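Pasted below: coords-v9.tsv, TSV, N, CA and C atoms.
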chain	number	residue	atom	x	y	z
A	1	MET	N	-24.59	-14.31	-5.45
A	1	MET	CA	-24.00	-13.81	-4.22
A	1	MET	C	-22.71	-13.07	-4.54
A	2	PRO	N	-22.32	-12.16	-3.66
A	2	PRO	CA	-21.07	-11.43	-3.87
A	2	PRO	C	-19.85	-12.32	-3.62
A	3	PHE	N	-18.73	-11.90	-4.19
A	3	PHE	CA	-17.47	-12.61	-4.04
A	3	PHE	C	-16.51	-11.77	-3.20
A	4	TYR	N	-15.73	-12.44	-2.37
A	4	TYR	CA	-14.74	-11.77	-1.53
A	4	TYR	C	-13.43	-12.53	-1.59
A	5	GLU	N	-12.34	-11.80	-1.48
A	5	GLU	CA	-11.02	-12.39	-1.28
A	5	GLU	C	-10.53	-11.91	0.08
A	6	HIS	N	-10.09	-12.85	0.89
A	6	HIS	CA	-9.69	-12.55	2.26
A	6	HIS	C	-8.29	-13.12	2.49
A	7	VAL	N	-7.42	-12.32	3.07
A	7	VAL	CA	-6.07	-12.75	3.43
A	7	VAL	C	-5.85	-12.41	4.90
A	8	PHE	N	-5.33	-13.37	5.66
A	8	PHE	CA	-4.93	-13.05	7.02
A	8	PHE	C	-3.50	-13.51	7.24
A	9	ILE	N	-2.84	-12.84	8.19
A	9	ILE	CA	-1.44	-13.14	8.52
A	9	ILE	C	-1.40	-13.57	9.99
A	10	ALA	N	-0.90	-14.76	10.22
A	10	ALA	CA	-0.74	-15.27	11.58
A	10	ALA	C	0.69	-15.02	12.04
A	11	ARG	N	0.88	-14.99	13.35
A	11	ARG	CA	2.20	-14.75	13.93
A	11	ARG	C	3.23	-15.75	13.43
A	12	GLN	N	4.49	-15.33	13.41
A	12	GLN	CA	5.56	-16.18	12.91
A	12	GLN	C	5.83	-17.36	13.83
A	13	ASP	N	5.57	-17.23	15.12
A	13	ASP	CA	5.84	-18.34	16.03
A	13	ASP	C	4.64	-19.27	16.20
A	14	ALA	N	3.57	-19.05	15.45
A	14	ALA	CA	2.44	-19.97	15.47
A	14	ALA	C	2.82	-21.22	14.66
A	15	ALA	N	2.46	-22.37	15.17
A	15	ALA	CA	2.75	-23.62	14.47
A	15	ALA	C	1.82	-23.76	13.27
A	16	GLN	N	2.24	-24.56	12.30
A	16	GLN	CA	1.42	-24.77	11.11
A	16	GLN	C	0.06	-25.36	11.48
A	17	ALA	N	0.02	-26.19	12.51
A	17	ALA	CA	-1.25	-26.77	12.97
A	17	ALA	C	-2.20	-25.68	13.46
A	18	GLN	N	-1.66	-24.66	14.14
A	18	GLN	CA	-2.49	-23.54	14.61
A	18	GLN	C	-3.02	-22.74	13.44
A	19	VAL	N	-2.20	-22.54	12.42
A	19	VAL	CA	-2.63	-21.80	11.23
A	19	VAL	C	-3.73	-22.58	10.51
A	20	ASP	N	-3.56	-23.90	10.41
A	20	ASP	CA	-4.59	-24.74	9.79
A	20	ASP	C	-5.89	-24.69	10.59
A	21	GLN	N	-5.78	-24.65	11.91
A	21	GLN	CA	-6.97	-24.56	12.76
A	21	GLN	C	-7.67	-23.21	12.56
A	22	LEU	N	-6.92	-22.13	12.44
A	22	LEU	CA	-7.52	-20.82	12.16
A	22	LEU	C	-8.25	-20.83	10.82
A	23	THR	N	-7.64	-21.48	9.82
A	23	THR	CA	-8.26	-21.56	8.50
A	23	THR	C	-9.55	-22.35	8.56
A	24	GLU	N	-9.56	-23.46	9.27
A	24	GLU	CA	-10.77	-24.28	9.40
A	24	GLU	C	-11.86	-23.53	10.17
A	25	GLN	N	-11.45	-22.76	11.17
A	25	GLN	CA	-12.41	-21.96	11.93
A	25	GLN	C	-13.05	-20.91	11.03
A	26	ALA	N	-12.26	-20.25	10.21
A	26	ALA	CA	-12.79	-19.25	9.29
A	26	ALA	C	-13.73	-19.89	8.27
A	27	LYS	N	-13.34	-21.04	7.72
A	27	LYS	CA	-14.20	-21.75	6.77
A	27	LYS	C	-15.52	-22.14	7.42
A	28	GLY	N	-15.47	-22.59	8.66
A	28	GLY	CA	-16.67	-23.00	9.38
A	28	GLY	C	-17.64	-21.84	9.57
A	29	ILE	N	-17.12	-20.67	9.90
A	29	ILE	CA	-17.96	-19.49	10.10
A	29	ILE	C	-18.66	-19.12	8.79
A	30	ILE	N	-17.92	-19.14	7.70
A	30	ILE	CA	-18.49	-18.79	6.39
A	30	ILE	C	-19.58	-19.79	6.00
A	31	GLU	N	-19.31	-21.08	6.17
A	31	GLU	CA	-20.26	-22.11	5.77
A	31	GLU	C	-21.50	-22.11	6.65
A	32	GLN	N	-21.36	-21.80	7.95
A	32	GLN	CA	-22.52	-21.70	8.83
A	32	GLN	C	-23.41	-20.53	8.44
A	33	GLY	N	-22.85	-19.48	7.89
A	33	GLY	CA	-23.60	-18.30	7.51
A	33	GLY	C	-24.20	-18.38	6.11
A	34	GLY	N	-24.07	-19.52	5.45
A	34	GLY	CA	-24.68	-19.68	4.14
A	34	GLY	C	-23.75	-19.36	2.98
A	35	GLY	N	-22.48	-19.17	3.24
A	35	GLY	CA	-21.51	-18.90	2.19
A	35	GLY	C	-20.72	-20.14	1.83
A	36	LYS	N	-19.79	-19.97	0.91
A	36	LYS	CA	-18.97	-21.10	0.47
A	36	LYS	C	-17.54	-20.60	0.26
A	37	VAL	N	-16.59	-21.33	0.81
A	37	VAL	CA	-15.18	-21.04	0.58
A	37	VAL	C	-14.77	-21.81	-0.66
A	38	VAL	N	-14.51	-21.07	-1.74
A	38	VAL	CA	-14.22	-21.68	-3.03
A	38	VAL	C	-12.79	-22.18	-3.10
A	39	LYS	N	-11.86	-21.43	-2.51
A	39	LYS	CA	-10.44	-21.77	-2.63
A	39	LYS	C	-9.71	-21.33	-1.36
A	40	VAL	N	-8.79	-22.18	-0.91
A	40	VAL	CA	-7.92	-21.86	0.23
A	40	VAL	C	-6.49	-22.05	-0.24
A	41	GLU	N	-5.66	-21.02	-0.05
A	41	GLU	CA	-4.25	-21.11	-0.40
A	41	GLU	C	-3.42	-20.73	0.82
A	42	ASN	N	-2.50	-21.60	1.16
A	42	ASN	CA	-1.58	-21.32	2.25
A	42	ASN	C	-0.28	-20.87	1.60
A	43	TRP	N	0.03	-19.58	1.73
A	43	TRP	CA	1.23	-19.03	1.09
A	43	TRP	C	2.47	-19.29	1.91
A	44	GLY	N	2.33	-19.78	3.12
A	44	GLY	CA	3.47	-20.13	3.94
A	44	GLY	C	4.02	-18.96	4.75
A	45	LEU	N	5.18	-19.17	5.32
A	45	LEU	CA	5.86	-18.17	6.14
A	45	LEU	C	6.62	-17.23	5.22
A	46	ARG	N	6.25	-15.96	5.26
A	46	ARG	CA	6.87	-14.96	4.39
A	46	ARG	C	7.29	-13.75	5.21
A	47	SER	N	8.26	-13.02	4.70
A	47	SER	CA	8.73	-11.81	5.37
A	47	SER	C	7.71	-10.70	5.21
A	48	LEU	N	7.57	-9.90	6.25
A	48	LEU	CA	6.69	-8.73	6.21
A	48	LEU	C	7.47	-7.53	5.69
A	49	ALA	N	6.79	-6.57	5.14
A	49	ALA	CA	7.44	-5.37	4.64
A	49	ALA	C	8.00	-4.53	5.79
A	50	TYR	N	7.35	-4.59	6.94
A	50	TYR	CA	7.81	-3.87	8.13
A	50	TYR	C	7.35	-4.65	9.35
A	51	LYS	N	7.96	-4.37	10.50
A	51	LYS	CA	7.62	-5.07	11.73
A	51	LYS	C	6.18	-4.76	12.13
A	52	ILE	N	5.45	-5.80	12.53
A	52	ILE	CA	4.10	-5.64	13.05
A	52	ILE	C	4.08	-6.37	14.39
A	53	ASN	N	3.85	-5.63	15.46
A	53	ASN	CA	3.81	-6.21	16.81
A	53	ASN	C	5.03	-7.10	17.09
A	54	LYS	N	6.20	-6.61	16.75
A	54	LYS	CA	7.49	-7.28	16.96
A	54	LYS	C	7.67	-8.52	16.10
A	55	ASN	N	6.88	-8.69	15.06
A	55	ASN	CA	7.01	-9.82	14.14
A	55	ASN	C	7.63	-9.35	12.84
A	56	ARG	N	8.61	-10.09	12.34
A	56	ARG	CA	9.24	-9.78	11.06
A	56	ARG	C	8.72	-10.69	9.95
A	57	LYS	N	8.09	-11.80	10.32
A	57	LYS	CA	7.54	-12.76	9.36
A	57	LYS	C	6.14	-13.13	9.79
A	58	GLY	N	5.41	-13.76	8.88
A	58	GLY	CA	4.06	-14.21	9.21
A	58	GLY	C	3.59	-15.30	8.27
A	59	HIS	N	2.66	-16.11	8.73
A	59	HIS	CA	2.05	-17.16	7.92
A	59	HIS	C	0.87	-16.54	7.17
A	60	TYR	N	0.93	-16.53	5.85
A	60	TYR	CA	-0.11	-15.93	5.02
A	60	TYR	C	-1.10	-17.01	4.57
A	61	VAL	N	-2.40	-16.71	4.65
A	61	VAL	CA	-3.45	-17.61	4.17
A	61	VAL	C	-4.44	-16.78	3.36
A	62	HIS	N	-4.81	-17.28	2.17
A	62	HIS	CA	-5.73	-16.59	1.26
A	62	HIS	C	-7.00	-17.43	1.11
A	63	LEU	N	-8.17	-16.80	1.24
A	63	LEU	CA	-9.45	-17.47	1.07
A	63	LEU	C	-10.24	-16.77	-0.02
A	64	ALA	N	-10.83	-17.53	-0.93
A	64	ALA	CA	-11.75	-17.00	-1.93
A	64	ALA	C	-13.15	-17.40	-1.47
A	65	ILE	N	-14.03	-16.41	-1.26
A	65	ILE	CA	-15.32	-16.64	-0.62
A	65	ILE	C	-16.45	-16.23	-1.55
A	66	ASP	N	-17.48	-17.07	-1.62
A	66	ASP	CA	-18.71	-16.78	-2.34
A	66	ASP	C	-19.83	-16.81	-1.32
A	67	GLY	N	-20.33	-15.65	-0.92
A	67	GLY	CA	-21.37	-15.63	0.10
A	67	GLY	C	-21.74	-14.23	0.51
A	68	PRO	N	-22.73	-14.11	1.39
A	68	PRO	CA	-23.17	-12.79	1.86
A	68	PRO	C	-22.16	-12.17	2.82
A	69	TRP	N	-22.36	-10.89	3.12
A	69	TRP	CA	-21.42	-10.16	3.97
A	69	TRP	C	-21.49	-10.59	5.43
A	70	ALA	N	-22.65	-10.97	5.93
A	70	ALA	CA	-22.81	-11.26	7.36
A	70	ALA	C	-21.79	-12.28	7.88
A	71	PRO	N	-21.63	-13.45	7.26
A	71	PRO	CA	-20.62	-14.38	7.79
A	71	PRO	C	-19.18	-13.88	7.60
A	72	VAL	N	-18.95	-13.09	6.55
A	72	VAL	CA	-17.60	-12.53	6.35
A	72	VAL	C	-17.28	-11.54	7.47
A	73	GLY	N	-18.27	-10.72	7.83
A	73	GLY	CA	-18.09	-9.79	8.94
A	73	GLY	C	-17.87	-10.50	10.26
A	74	GLU	N	-18.59	-11.61	10.47
A	74	GLU	CA	-18.40	-12.40	11.70
A	74	GLU	C	-17.01	-13.03	11.72
A	75	MET	N	-16.55	-13.51	10.57
A	75	MET	CA	-15.20	-14.09	10.49
A	75	MET	C	-14.16	-13.03	10.84
A	76	GLU	N	-14.32	-11.81	10.31
A	76	GLU	CA	-13.39	-10.73	10.64
A	76	GLU	C	-13.41	-10.42	12.13
A	77	ARG	N	-14.61	-10.41	12.72
A	77	ARG	CA	-14.73	-10.14	14.16
A	77	ARG	C	-13.97	-11.19	14.96
A	78	GLN	N	-14.11	-12.47	14.58
A	78	GLN	CA	-13.42	-13.55	15.28
A	78	GLN	C	-11.90	-13.44	15.12
A	79	LEU	N	-11.44	-13.08	13.92
A	79	LEU	CA	-10.01	-12.93	13.69
A	79	LEU	C	-9.44	-11.74	14.45
A	80	LYS	N	-10.25	-10.69	14.59
A	80	LYS	CA	-9.80	-9.49	15.29
A	80	LYS	C	-9.47	-9.79	16.75
A	81	ILE	N	-10.24	-10.68	17.38
A	81	ILE	CA	-10.01	-10.96	18.80
A	81	ILE	C	-9.01	-12.10	19.03
A	82	ASN	N	-8.58	-12.75	17.96
A	82	ASN	CA	-7.60	-13.84	18.08
A	82	ASN	C	-6.20	-13.24	18.14
A	83	GLU	N	-5.44	-13.60	19.15
A	83	GLU	CA	-4.11	-13.01	19.31
A	83	GLU	C	-3.06	-13.60	18.37
A	84	ASP	N	-3.36	-14.70	17.70
A	84	ASP	CA	-2.42	-15.27	16.73
A	84	ASP	C	-2.47	-14.55	15.40
A	85	VAL	N	-3.52	-13.80	15.11
A	85	VAL	CA	-3.67	-13.08	13.85
A	85	VAL	C	-3.15	-11.66	14.03
A	86	ILE	N	-2.18	-11.26	13.18
A	86	ILE	CA	-1.64	-9.91	13.33
A	86	ILE	C	-2.22	-8.93	12.32
A	87	ARG	N	-2.70	-9.42	11.17
A	87	ARG	CA	-3.36	-8.56	10.17
A	87	ARG	C	-4.33	-9.40	9.36
A	88	TYR	N	-5.36	-8.74	8.84
A	88	TYR	CA	-6.27	-9.39	7.90
A	88	TYR	C	-6.84	-8.32	6.98
A	89	MET	N	-7.31	-8.76	5.82
A	89	MET	CA	-7.91	-7.84	4.86
A	89	MET	C	-8.90	-8.61	4.00
A	90	THR	N	-10.07	-8.01	3.80
A	90	THR	CA	-11.10	-8.59	2.94
A	90	THR	C	-11.44	-7.58	1.87
A	91	VAL	N	-11.51	-8.05	0.63
A	91	VAL	CA	-11.81	-7.18	-0.51
A	91	VAL	C	-12.95	-7.82	-1.29
A	92	ARG	N	-13.95	-7.02	-1.65
A	92	ARG	CA	-15.01	-7.52	-2.51
A	92	ARG	C	-14.54	-7.43	-3.96
A	93	VAL	N	-14.72	-8.51	-4.71
A	93	VAL	CA	-14.28	-8.57	-6.10
A	93	VAL	C	-15.46	-8.92	-7.00
A	94	ASP	N	-15.33	-8.59	-8.28
A	94	ASP	CA	-16.38	-8.89	-9.25
A	94	ASP	C	-16.45	-10.38	-9.58
A	95	ALA	N	-15.29	-11.03	-9.67
A	95	ALA	CA	-15.23	-12.46	-9.98
A	95	ALA	C	-14.00	-13.05	-9.29
A	96	LEU	N	-14.09	-14.33	-8.97
A	96	LEU	CA	-12.96	-15.01	-8.33
A	96	LEU	C	-12.04	-15.58	-9.40
A	97	GLU	N	-10.74	-15.55	-9.15
A	97	GLU	CA	-9.75	-16.10	-10.07
A	97	GLU	C	-9.84	-17.62	-10.06
A	98	GLU	N	-9.68	-18.21	-11.23
A	98	GLU	CA	-9.74	-19.66	-11.35
A	98	GLU	C	-8.43	-20.33	-10.93
A	99	GLY	N	-7.32	-19.82	-11.41
A	99	GLY	CA	-6.02	-20.43	-11.14
A	99	GLY	C	-5.44	-19.96	-9.82
A	100	PRO	N	-4.15	-20.19	-9.64
A	100	PRO	CA	-3.50	-19.73	-8.41
A	100	PRO	C	-3.45	-18.20	-8.35
A	101	SER	N	-3.51	-17.68	-7.15
A	101	SER	CA	-3.48	-16.23	-6.95
A	101	SER	C	-2.07	-15.69	-7.18
A	102	ALA	N	-1.96	-14.38	-7.21
A	102	ALA	CA	-0.67	-13.73	-7.44
A	102	ALA	C	0.33	-14.06	-6.33
A	103	GLY	N	-0.14	-14.13	-5.10
A	103	GLY	CA	0.74	-14.46	-3.98
A	103	GLY	C	1.31	-15.86	-4.09
A	104	LEU	N	0.49	-16.80	-4.51
A	104	LEU	CA	0.97	-18.17	-4.66
A	104	LEU	C	1.89	-18.29	-5.86
A	105	GLN	N	1.61	-17.57	-6.94
A	105	GLN	CA	2.49	-17.58	-8.10
A	105	GLN	C	3.87	-17.04	-7.75
A	106	ALA	N	3.92	-15.99	-6.92
A	106	ALA	CA	5.20	-15.42	-6.51
A	106	ALA	C	5.99	-16.42	-5.67
A	107	LYS	N	5.29	-17.14	-4.78
A	107	LYS	CA	5.96	-18.14	-3.96
A	107	LYS	C	6.52	-19.26	-4.82
A	108	GLN	N	5.73	-19.72	-5.80
A	108	GLN	CA	6.19	-20.79	-6.68
A	108	GLN	C	7.38	-20.34	-7.54
A	109	ALA	N	7.36	-19.09	-8.00
A	109	ALA	CA	8.47	-18.57	-8.80
A	109	ALA	C	9.75	-18.52	-7.96
A	110	LYS	N	9.63	-18.11	-6.71
A	110	LYS	CA	10.80	-18.06	-5.82
A	110	LYS	C	11.35	-19.47	-5.58
A	111	GLU	N	10.47	-20.43	-5.39
A	111	GLU	CA	10.92	-21.81	-5.18
A	111	GLU	C	11.63	-22.35	-6.41
A	112	ARG	N	11.11	-22.04	-7.60
A	112	ARG	CA	11.78	-22.49	-8.83
A	112	ARG	C	13.14	-21.83	-8.98
A	113	ARG	N	13.23	-20.54	-8.66
A	113	ARG	CA	14.49	-19.80	-8.75
A	113	ARG	C	15.51	-20.39	-7.79
A	114	ASP	N	15.07	-20.66	-6.55
A	114	ASP	CA	15.98	-21.23	-5.56
A	114	ASP	C	16.44	-22.62	-5.96
A	115	ALA	N	15.53	-23.41	-6.52
A	115	ALA	CA	15.90	-24.77	-6.95
A	115	ALA	C	16.91	-24.72	-8.09
A	116	LYS	N	16.74	-23.76	-8.97
A	116	LYS	CA	17.66	-23.62	-10.10
A	116	LYS	C	19.07	-23.31	-9.62
A	117	TRP	N	19.17	-22.48	-8.59
A	117	TRP	CA	20.50	-22.08	-8.09
A	117	TRP	C	20.96	-22.96	-6.94
A	118	GLY	N	20.20	-23.96	-6.57
A	118	GLY	CA	20.61	-24.91	-5.54
A	118	GLY	C	20.56	-24.35	-4.14
A	119	ARG	N	19.67	-23.40	-3.91
A	119	ARG	CA	19.56	-22.81	-2.56
A	119	ARG	C	18.44	-23.49	-1.80
A	120	ARG	N	18.61	-23.52	-0.50
A	120	ARG	CA	17.53	-23.97	0.38
A	120	ARG	C	16.95	-22.74	1.05
A	121	GLU	N	15.75	-22.89	1.58
A	121	GLU	CA	15.05	-21.76	2.20
A	121	GLU	C	15.78	-21.23	3.43
A	122	ASP	N	16.43	-22.13	4.17
A	122	ASP	CA	17.08	-21.73	5.42
A	122	ASP	C	18.50	-21.20	5.22
A	123	GLU	N	18.99	-21.19	3.98
A	123	GLU	CA	20.34	-20.69	3.73
A	123	GLU	C	20.37	-19.17	3.68
A	124	GLY	N	21.44	-18.63	4.14
A	124	GLY	CA	21.66	-17.19	4.03
A	124	GLY	C	23.02	-16.95	3.43
A	125	PHE	N	23.52	-15.74	3.52
A	125	PHE	CA	24.85	-15.43	3.02
A	125	PHE	C	25.89	-15.88	4.03
A	126	ASP	N	26.95	-16.49	3.52
A	126	ASP	CA	28.11	-16.80	4.35
A	126	ASP	C	29.05	-15.60	4.30
A	127	ALA	N	29.98	-15.55	5.21
A	127	ALA	CA	30.97	-14.47	5.19
A	127	ALA	C	31.85	-14.57	3.96
A	128	GLY	N	32.02	-15.79	3.41
A	128	GLY	CA	32.87	-15.97	2.25
A	128	GLY	C	32.16	-15.73	0.92
A	129	GLU	N	30.85	-15.61	0.93
A	129	GLU	CA	30.13	-15.41	-0.33
A	129	GLU	C	30.29	-13.99	-0.81
A	130	GLU	N	30.23	-13.86	-2.12
A	130	GLU	CA	30.31	-12.54	-2.73
A	130	GLU	C	29.05	-11.77	-2.39
A	131	GLY	N	29.17	-10.54	-2.01
A	131	GLY	CA	28.02	-9.70	-1.70
A	131	GLY	C	27.63	-9.74	-0.23
A	132	ALA	N	28.33	-10.53	0.56
A	132	ALA	CA	28.00	-10.61	1.99
A	132	ALA	C	28.57	-9.38	2.70
A	133	VAL	N	27.86	-8.96	3.70
A	133	VAL	CA	28.28	-7.80	4.48
A	133	VAL	C	28.84	-8.31	5.80
A	134	SER	N	30.01	-7.80	6.18
A	134	SER	CA	30.64	-8.23	7.41
A	134	SER	C	30.22	-7.34	8.56
Turn this file's structure into structure tokens for me.
Amino acid sequence: MPFYEHVFIARQDAAQAQVDQLTEQAKGIIEQGGGKVVKVENWGLRSLAYKINKNRKGHYVHLAIDGPWAPVGEMERQLKINEDVIRYMTVRVDALEEGPSAGLQAKQAKERRDAKWGRREDEGFDAGEEGAVS
């Protein structure tokens, strides 16, 4: 069967439970159509490159799929009509990656960098910090 990698972005104000529900819904559609979701990665809340529908951030979810196109197309149709999803993309690939994807590796690298410097995710620049803009 063909392999697909699918990423969707949910709205920034969607709760993590809603994002998990969207992921389970997508997995259910694929499995009902005779496919198999090999890997699910939740990349978390990340900044967007540009505003999309007044959103500056979004919850990213990556799915690695082994199955025919029909259930993948149905999953895309369902995501298209869901108002919590702001973008999605599916790409057919020759083989699925075994380890963590590039998006998850970038998130882990950022977390290690922040831990090394003692930063928390919710911290920003203070007015007293070097490089801060007033």
request  = Could you jot down the CA of Ala26 in chain A to CA of Phe3 in chain A separation for me, Å, one decimal place?
outcome  = 15.6 Å
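Among A:Ala15, A:Leu22, A:Ala10, A:Ile65, the residue with the shortest atom-to-atom distance to Val37 in chain A, counting only N, CA and C atoms, is A:Ile65.
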Looking only at the backbone, which of the residues in chain A does DSSP tag as strand (DSSP E), as a short mmCIF file (atom, residue, chain, number, x, y, z; two decimals) with N, CA and C atoms, in the coordinates of the input?
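The file below, out23.cif, is the result:
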data_model
loop_
_atom_site.label_atom_id
_atom_site.label_comp_id
_atom_site.auth_asym_id
_atom_site.auth_seq_id
_atom_site.Cartn_x
_atom_site.Cartn_y
_atom_site.Cartn_z
N PHE A 3 -18.73 -11.90 -4.19
CA PHE A 3 -17.47 -12.61 -4.04
C PHE A 3 -16.51 -11.77 -3.20
N TYR A 4 -15.73 -12.44 -2.37
CA TYR A 4 -14.74 -11.77 -1.53
C TYR A 4 -13.43 -12.53 -1.59
N GLU A 5 -12.34 -11.80 -1.48
CA GLU A 5 -11.02 -12.39 -1.28
C GLU A 5 -10.53 -11.91 0.08
N HIS A 6 -10.09 -12.85 0.89
CA HIS A 6 -9.69 -12.55 2.26
C HIS A 6 -8.29 -13.12 2.49
N VAL A 7 -7.42 -12.32 3.07
CA VAL A 7 -6.07 -12.75 3.43
C VAL A 7 -5.85 -12.41 4.90
N PHE A 8 -5.33 -13.37 5.66
CA PHE A 8 -4.93 -13.05 7.02
C PHE A 8 -3.50 -13.51 7.24
N ILE A 9 -2.84 -12.84 8.19
CA ILE A 9 -1.44 -13.14 8.52
C ILE A 9 -1.40 -13.57 9.99
N ALA A 10 -0.90 -14.76 10.22
CA ALA A 10 -0.74 -15.27 11.58
C ALA A 10 0.69 -15.02 12.04
N ARG A 11 0.88 -14.99 13.35
CA ARG A 11 2.20 -14.75 13.93
C ARG A 11 3.23 -15.75 13.43
N LYS A 36 -19.79 -19.97 0.91
CA LYS A 36 -18.97 -21.10 0.47
C LYS A 36 -17.54 -20.60 0.26
N VAL A 37 -16.59 -21.33 0.81
CA VAL A 37 -15.18 -21.04 0.58
C VAL A 37 -14.77 -21.81 -0.66
N VAL A 38 -14.51 -21.07 -1.74
CA VAL A 38 -14.22 -21.68 -3.03
C VAL A 38 -12.79 -22.18 -3.10
N LYS A 39 -11.86 -21.43 -2.51
CA LYS A 39 -10.44 -21.77 -2.63
C LYS A 39 -9.71 -21.33 -1.36
N VAL A 40 -8.79 -22.18 -0.91
CA VAL A 40 -7.92 -21.86 0.23
C VAL A 40 -6.49 -22.05 -0.24
N GLU A 41 -5.66 -21.02 -0.05
CA GLU A 41 -4.25 -21.11 -0.40
C GLU A 41 -3.42 -20.73 0.82
N ASN A 42 -2.50 -21.60 1.16
CA ASN A 42 -1.58 -21.32 2.25
C ASN A 42 -0.28 -20.87 1.60
N TRP A 43 0.03 -19.58 1.73
CA TRP A 43 1.23 -19.03 1.09
C TRP A 43 2.47 -19.29 1.91
N GLY A 44 2.33 -19.78 3.12
CA GLY A 44 3.47 -20.13 3.94
C GLY A 44 4.02 -18.96 4.75
N LEU A 45 5.18 -19.17 5.32
CA LEU A 45 5.86 -18.17 6.14
C LEU A 45 6.62 -17.23 5.22
N ARG A 46 6.25 -15.96 5.26
CA ARG A 46 6.87 -14.96 4.39
C ARG A 46 7.29 -13.75 5.21
N SER A 47 8.26 -13.02 4.70
CA SER A 47 8.73 -11.81 5.37
C SER A 47 7.71 -10.70 5.21
N LEU A 48 7.57 -9.90 6.25
CA LEU A 48 6.69 -8.73 6.21
C LEU A 48 7.47 -7.53 5.69
N ALA A 49 6.79 -6.57 5.14
CA ALA A 49 7.44 -5.37 4.64
C ALA A 49 8.00 -4.53 5.79
N TYR A 50 7.35 -4.59 6.94
CA TYR A 50 7.81 -3.87 8.13
C TYR A 50 7.35 -4.65 9.35
N LYS A 51 7.96 -4.37 10.50
CA LYS A 51 7.62 -5.07 11.73
C LYS A 51 6.18 -4.76 12.13
N ILE A 52 5.45 -5.80 12.53
CA ILE A 52 4.10 -5.64 13.05
C ILE A 52 4.08 -6.37 14.39
N ASN A 55 6.88 -8.69 15.06
CA ASN A 55 7.01 -9.82 14.14
C ASN A 55 7.63 -9.35 12.84
N ARG A 56 8.61 -10.09 12.34
CA ARG A 56 9.24 -9.78 11.06
C ARG A 56 8.72 -10.69 9.95
N LYS A 57 8.09 -11.80 10.32
CA LYS A 57 7.54 -12.76 9.36
C LYS A 57 6.14 -13.13 9.79
N GLY A 58 5.41 -13.76 8.88
CA GLY A 58 4.06 -14.21 9.21
C GLY A 58 3.59 -15.30 8.27
N HIS A 59 2.66 -16.11 8.73
CA HIS A 59 2.05 -17.16 7.92
C HIS A 59 0.87 -16.54 7.17
N TYR A 60 0.93 -16.53 5.85
CA TYR A 60 -0.11 -15.93 5.02
C TYR A 60 -1.10 -17.01 4.57
N VAL A 61 -2.40 -16.71 4.65
CA VAL A 61 -3.45 -17.61 4.17
C VAL A 61 -4.44 -16.78 3.36
N HIS A 62 -4.81 -17.28 2.17
CA HIS A 62 -5.73 -16.59 1.26
C HIS A 62 -7.00 -17.43 1.11
N LEU A 63 -8.17 -16.80 1.24
CA LEU A 63 -9.45 -17.47 1.07
C LEU A 63 -10.24 -16.77 -0.02
N ALA A 64 -10.83 -17.53 -0.93
CA ALA A 64 -11.75 -17.00 -1.93
C ALA A 64 -13.15 -17.40 -1.47
N ILE A 65 -14.03 -16.41 -1.26
CA ILE A 65 -15.32 -16.64 -0.62
C ILE A 65 -16.45 -16.23 -1.55
N ASP A 66 -17.48 -17.07 -1.62
CA ASP A 66 -18.71 -16.78 -2.34
C ASP A 66 -19.83 -16.81 -1.32
N VAL A 85 -3.52 -13.80 15.11
CA VAL A 85 -3.67 -13.08 13.85
C VAL A 85 -3.15 -11.66 14.03
N ILE A 86 -2.18 -11.26 13.18
CA ILE A 86 -1.64 -9.91 13.33
C ILE A 86 -2.22 -8.93 12.32
N ARG A 87 -2.70 -9.42 11.17
CA ARG A 87 -3.36 -8.56 10.17
C ARG A 87 -4.33 -9.40 9.36
N TYR A 88 -5.36 -8.74 8.84
CA TYR A 88 -6.27 -9.39 7.90
C TYR A 88 -6.84 -8.32 6.98
N MET A 89 -7.31 -8.76 5.82
CA MET A 89 -7.91 -7.84 4.86
C MET A 89 -8.90 -8.61 4.00
N THR A 90 -10.07 -8.01 3.80
CA THR A 90 -11.10 -8.59 2.94
C THR A 90 -11.44 -7.58 1.87
N VAL A 91 -11.51 -8.05 0.63
CA VAL A 91 -11.81 -7.18 -0.51
C VAL A 91 -12.95 -7.82 -1.29
N ARG A 92 -13.95 -7.02 -1.65
CA ARG A 92 -15.01 -7.52 -2.51
C ARG A 92 -14.54 -7.43 -3.96
N VAL A 93 -14.72 -8.51 -4.71
CA VAL A 93 -14.28 -8.57 -6.10
C VAL A 93 -15.46 -8.92 -7.00
#
remark   = CA of Glu97 in chain A sits from CA of Ala115 in chain A at a separation of 27.3 Å
ask   = What lies within 6 Å of range 48-58 of chain A using only N, CA and C atoms, ignoring chain neighbours under 6 positions off, as a ChimeraX atom specification?
value = /A:9-12
message = Taking only range 45-75 of chain A into account, list the residues labelled helix (DSSP H, G or I) by DSSP (computed from the backbone), as a list in words.
response =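 Reading the DSSP output for range 45-75 of chain A, helix (DSSP H, G or I) covers Trp69, Ala70, Pro71, Val72, Gly73, Glu74 and Met75 of chain A.
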ask   = Which residues, written as a list in words, have at least one atom at most 8 Å from His6 in chain A, with only N, CA and C atoms counted and residues fewer than 3 positions away on the same chain left out?
value = Phe3, Ile9, Val61, His62, Leu63, Ala64, Ile65, Tyr88, Met89, Thr90, Val91 and Arg92 of chain A
ask   = At what distance in Å, to one decimal, does atom N of Gln78 in chain A lie from atom N of Ala14 in chain A?
value =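 One can read the atom N of Ala14 in chain A to atom N of Gln78 in chain A distance as 18.9 Å.
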ask   = Using all atoms listed in the file, which of the listed residues (A:Ile30, A:Arg46, A:Leu96, A:Val40) sits closest to Pro71 in chain A?
value = A:Ile30
inquiry  = Applying 7 Å and only C-alpha atoms, which residues near range 102-113 of chain A remain after dropping the ones on its own chain fewer than 3 positions away? List them as a list in words.
reply    =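 In the requested format, the answer is Trp43, Lys116 and Trp117 of chain A.
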Output N, CA and C atoms of each residue in that selection to a file, as an mmCIF file, in the frame of the given file.
data_model
loop_
_atom_site.group_PDB
_atom_site.id
_atom_site.type_symbol
_atom_site.label_atom_id
_atom_site.label_comp_id
_atom_site.auth_asym_id
_atom_site.auth_seq_id
_atom_site.Cartn_x
_atom_site.Cartn_y
_atom_site.Cartn_z
ATOM 1 N N TRP A 43 0.030 -19.580 1.730
ATOM 2 C CA TRP A 43 1.230 -19.030 1.090
ATOM 3 C C TRP A 43 2.470 -19.290 1.910
ATOM 4 N N LYS A 116 16.740 -23.760 -8.970
ATOM 5 C CA LYS A 116 17.660 -23.620 -10.100
ATOM 6 C C LYS A 116 19.070 -23.310 -9.620
ATOM 7 N N TRP A 117 19.170 -22.480 -8.590
ATOM 8 C CA TRP A 117 20.500 -22.080 -8.090
ATOM 9 C C TRP A 117 20.960 -22.960 -6.940
#
